[in-house]
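Take a look at the structure set out below.
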Amino acid sequence: MMNSNVIRDKTIAFSCNTRAGHLAPALSTVELLTVLFNDFLAFTPNDPKDETRDRFILSKGHGAYAYYVILNELGFLPDWELDKFNTDDSTIKGCLTENPDYMIEASTGSLGHGLPLAVGMALSMKLQNRSNKIVCMVGDGEMQEGSNYEAMLLAHRFKLDNLLIIVDANNLQAMGKVEEITVSNDKLAHIMRSFTDGVFADINGHSEPEITHAYQQFFNQENKNFSVVFARTVKGKGIEMLEASVKHHYRCPTEDGYVYTGESK
């Protein structure tokens with residue numbers, strides 16, 4: 001079983017050792033991903049292409065570092081990819097690039113693409129009478145993309161009860177606070193709740209008991225429609241200088257004197 005504290009520390013080390021930016025948007029996802037892959041998502045170890053697997057799409061593909069660490073922990077992503085990241089020898093990038101051998105389901109990072117892809121996958125599974133679940137994580141800033149609302153309309157129309165949308169609601173995006181650019185996360189949660197009559201859970205995205213309970217409602221019961229877990233998180237969680245810092249959306253903390261000592265604080 002993976003431990004979220006270990007995943008957070010390894011994610012920080014991964015960024016600091018390779019001098020790669022975009023650490024902050026990865027740190028808000030740690031508990032959400034760890035619980036998902038530990039306890040809920042169905043996949044076969046050593047077989048990333050198993051057709052019976054559930055599908056996970058990280059639509060906020062720039063925040064991929066914790067996901068890379070988890071795929072490495074599970075044995076899908078080799079050590080050398082992490083070691084050579086941010087060099088010409090690595091095949092994984094700052095934003096996700098589809099790689100079936102690593103169980104990376106889609107190329108994302110151009111925001112607003114992952115959820116439409118997930119809706120298509122979920123509809124395909126329904127049409128084939130297959131039981132695979134589709135899980136898509138989006139960012140709160142990303143939810144300003146109109147393509148996501150079109151996708152939710154279709155998800156509701158086709159009653160895609162096999163689809164879970166996780167919103168990493170960390171209150172920040174590349175250029176500022178989400179509420180200063182469009183709407184607050186309280187308003188966004190209200191809007192998204194109106195799109196579905198499936199499960200809607202508004203939770204602390206760093207509380208593993210709350211995450212577990214929310215996921216159970218999707219994975220362990222019959223639902224009327226697609227589900228949403230609206231996870232309130234802290235961008236850059238684990239490094240004080242990154243937390244709630246707009247400028248560290250892109251910046252590696254080593255650029256500002258941070259020295260990784262082996263334990264996040």
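Each chain in the structure tokens gets a letter, A, B and so on, in the order shown; residues start at 1 in every chain, and ligands are counted from 1 in the order they appear.
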
(message) So that I can check the surroundings of region 220-232 of chain A, please list as a VMD selection string every protein, DNA and RNA residue that reaches within 7 Å of it, counting only C-alpha atoms and ignoring chain neighbours fewer than 4 positions away.
(response) chain A and resid 155 to 156 159 to 170 189 196 to 205 214 216

Please dump the current selection as a short mmCIF file (atom, residue, chain, number, x, y, z; two decimals), in the first residue's frame; keep C-alpha atoms.
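Once written, result21.cif looks like this:
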```cif
data_model
loop_
_atom_site.label_atom_id
_atom_site.label_comp_id
_atom_site.auth_asym_id
_atom_site.auth_seq_id
_atom_site.Cartn_x
_atom_site.Cartn_y
_atom_site.Cartn_z
CA ALA A 155 -22.48 13.03 -19.70
CA HIS A 156 -25.84 13.96 -18.20
CA LYS A 159 -26.51 9.05 -17.97
CA LEU A 160 -22.85 8.12 -17.69
CA ASP A 161 -23.02 6.60 -14.22
CA ASN A 162 -19.60 5.05 -14.88
CA LEU A 163 -17.91 8.47 -14.92
CA LEU A 164 -16.35 10.24 -11.92
CA ILE A 165 -15.06 13.82 -12.17
CA ILE A 166 -12.60 14.86 -9.46
CA VAL A 167 -12.11 18.62 -9.18
CA ASP A 168 -8.78 19.64 -7.67
CA ALA A 169 -10.12 22.88 -6.22
CA ASN A 170 -6.92 24.52 -4.95
CA ALA A 189 -19.28 23.82 -6.83
CA THR A 196 -25.79 16.04 -12.40
CA ASP A 197 -28.27 14.10 -10.32
CA GLY A 198 -25.54 11.60 -9.49
CA VAL A 199 -23.27 11.70 -6.44
CA PHE A 200 -21.87 15.10 -5.53
CA ALA A 201 -19.38 15.24 -2.65
CA ASP A 202 -17.77 18.48 -1.46
CA ILE A 203 -14.78 17.42 0.65
CA ASN A 204 -11.40 18.25 2.13
CA GLY A 205 -9.12 16.91 -0.58
CA ALA A 214 -16.65 10.07 -1.40
CA GLN A 216 -17.10 4.69 -2.04
#
```

(request) Taking the chain letters and numbering used in this document, name the residues of region 204-249 of chain A that DSSP puts in strand (DSSP E), as a PyMOL selection string. (result) chain A and resi 204+227-232

(message) Which residues are close to His22 (chain A), i.e. within 6 Å by only C-alpha atoms, leaving aside same-chain residues fewer than 2 positions away? Reply as a VMD selection string.
(response) chain A and resid 24 249 to 250

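Proximity to Gly75 (chain A) was assessed for A:Ser194, A:Asn46, A:Asn185, A:Thr87 counting only C-alpha atoms; the smallest distance is recorded for A:Asn46.
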
Restrict the calculation to only C-alpha atoms, then for each residue of region 106-216 of chain A with any atom at most 9 Å from an atom of region 60-66 of chain A give the closest atom pair and their distance in Å to one decimal, rows by chain and rising residue number, as JSON lines.
```
{"residue": "A:Ser107", "atom": "CA", "partner": "A:Gly61", "partner_atom": "CA", "distance": 7.6}
{"residue": "A:Thr108", "atom": "CA", "partner": "A:Gly61", "partner_atom": "CA", "distance": 4.7}
{"residue": "A:Gly109", "atom": "CA", "partner": "A:Gly61", "partner_atom": "CA", "distance": 4.0}
{"residue": "A:Ser110", "atom": "CA", "partner": "A:Gly61", "partner_atom": "CA", "distance": 7.6}
{"residue": "A:Leu111", "atom": "CA", "partner": "A:Lys60", "partner_atom": "CA", "distance": 6.4}
{"residue": "A:Gly112", "atom": "CA", "partner": "A:Lys60", "partner_atom": "CA", "distance": 8.4}
{"residue": "A:Gly114", "atom": "CA", "partner": "A:Lys60", "partner_atom": "CA", "distance": 7.7}
{"residue": "A:Met137", "atom": "CA", "partner": "A:Lys60", "partner_atom": "CA", "distance": 6.9}
{"residue": "A:Val138", "atom": "CA", "partner": "A:Lys60", "partner_atom": "CA", "distance": 5.4}
{"residue": "A:Gly139", "atom": "CA", "partner": "A:Lys60", "partner_atom": "CA", "distance": 5.7}
{"residue": "A:Glu142", "atom": "CA", "partner": "A:Lys60", "partner_atom": "CA", "distance": 7.3}
{"residue": "A:Asp168", "atom": "CA", "partner": "A:Lys60", "partner_atom": "CA", "distance": 8.9}
```

(message) Using only C-alpha atoms, which protein or nucleic acid residues come within 12 Å of Thr44 (chain A)? Drop anything in the same chain fewer than 3 positions from it, and give the result as a PyMOL selection string.
(response) chain A and resi 37+41+47-55+74-76+103

Residues just named, written with N, CA and C atoms as a short mmCIF file (atom, residue, chain, number, x, y, z; two decimals), in the first residue's frame:
```
data_model
loop_
_atom_site.label_atom_id
_atom_site.label_comp_id
_atom_site.auth_asym_id
_atom_site.auth_seq_id
_atom_site.Cartn_x
_atom_site.Cartn_y
_atom_site.Cartn_z
N PHE A 37 -5.67 5.08 -6.30
CA PHE A 37 -4.91 3.94 -6.81
C PHE A 37 -4.72 2.85 -5.77
N LEU A 41 -9.31 2.14 -7.90
CA LEU A 41 -9.17 1.97 -9.34
C LEU A 41 -8.77 0.53 -9.66
N ASP A 47 0.36 -5.35 -16.29
CA ASP A 47 -0.35 -5.37 -17.56
C ASP A 47 -1.09 -4.05 -17.74
N PRO A 48 -0.39 -3.00 -18.17
CA PRO A 48 -1.02 -1.68 -18.29
C PRO A 48 -2.08 -1.59 -19.37
N LYS A 49 -2.16 -2.60 -20.25
CA LYS A 49 -3.12 -2.57 -21.34
C LYS A 49 -4.30 -3.51 -21.13
N ASP A 50 -4.42 -4.06 -19.95
CA ASP A 50 -5.53 -4.96 -19.64
C ASP A 50 -6.86 -4.28 -19.94
N GLU A 51 -7.64 -4.86 -20.81
CA GLU A 51 -8.89 -4.24 -21.25
C GLU A 51 -9.93 -4.13 -20.13
N THR A 52 -9.77 -4.90 -19.06
CA THR A 52 -10.75 -4.83 -17.98
C THR A 52 -10.44 -3.69 -17.00
N ARG A 53 -9.33 -2.99 -17.19
CA ARG A 53 -8.92 -1.96 -16.24
C ARG A 53 -9.88 -0.76 -16.29
N ASP A 54 -9.95 -0.07 -15.17
CA ASP A 54 -10.58 1.24 -15.17
C ASP A 54 -9.64 2.22 -15.84
N ARG A 55 -10.17 3.38 -16.25
CA ARG A 55 -9.34 4.39 -16.92
C ARG A 55 -9.25 5.64 -16.05
N LEU A 74 3.91 1.72 -8.62
CA LEU A 74 3.11 0.57 -9.04
C LEU A 74 3.83 -0.31 -10.05
N GLY A 75 4.99 0.14 -10.53
CA GLY A 75 5.77 -0.66 -11.46
C GLY A 75 5.49 -0.40 -12.93
N PHE A 76 4.64 0.58 -13.24
CA PHE A 76 4.33 0.87 -14.64
C PHE A 76 5.35 1.81 -15.28
N MET A 103 0.56 3.01 -18.80
CA MET A 103 -0.82 3.21 -18.36
C MET A 103 -1.14 4.70 -18.25
#
```

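Coordinates place CA of Met152 (chain A) at a distance of 10.8 Å from CA of Arg193 (chain A).
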
(message) As an exercise, work out the distance from CA of Leu153 (chain A) to CA of Phe195 (chain A) in Å and give it to one decimal place.
(response)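 Separating CA of Leu153 (chain A) from CA of Phe195 (chain A) is a distance of 7.0 Å.
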
(request) If you run DSSP over the backbone, which residues in region 144-211 of chain A end up helix (DSSP H, G or I)? Put them as number ranges by chain. (result) A: 144, 146-157, 178-181, 185-193, 208-211

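Proximity ranking of A:Asn5, A:Thr182, A:Thr34, A:Thr254 relative to Lys237 (chain A) places A:Asn5 first, based on only C-alpha atoms.
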
(request) May I ask which of the residues A:Leu115, A:Ile211, A:Ile7, A:Ala106 is the closest one to Phe40 (chain A), counting only C-alpha atoms? (result) A:Ile211

(request) Grab the CA of Glu81 (chain A) to CA of Pro253 (chain A) distance for me, in Å with one decimal place. (result)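 The value is 21.5 Å.
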
(request) Considering only C-alpha atoms, return as a list in words whatever protein or nucleic-acid residues lie within 7 Å of Phe56 (chain A), sequence-local ones (same chain, fewer than 5 positions apart) excluded. (result) Glu105, Ile134, Val135 and Cys136 of chain A

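Counting only C-alpha atoms, the residue from A:Thr29, A:Asn129, A:Ser59, A:Asn17 that sits nearest to Gly236 (chain A) is A:Thr29.
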
(message) Can you tell me which residues surround Asn171 (chain A) at a distance of at most 10 Å, considering only C-alpha atoms, apart from same-chain residues fewer than 6 positions away, and format the answer as a count of residues only?
(response) 15

(message) Between A:Asn38, A:Asn86, A:Asn132, A:Asn148, which residue has the minimum interatomic distance to Arg19 (chain A), considering only C-alpha atoms?
(response)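 For Arg19 (chain A), the nearest of the given residues is A:Asn86.
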
(message) Between A:Ile239, A:Ala13, A:Leu71, A:Ile57, which residue has the minimum interatomic distance to Lys133 (chain A), considering only C-alpha atoms?
(response) A:Ile57
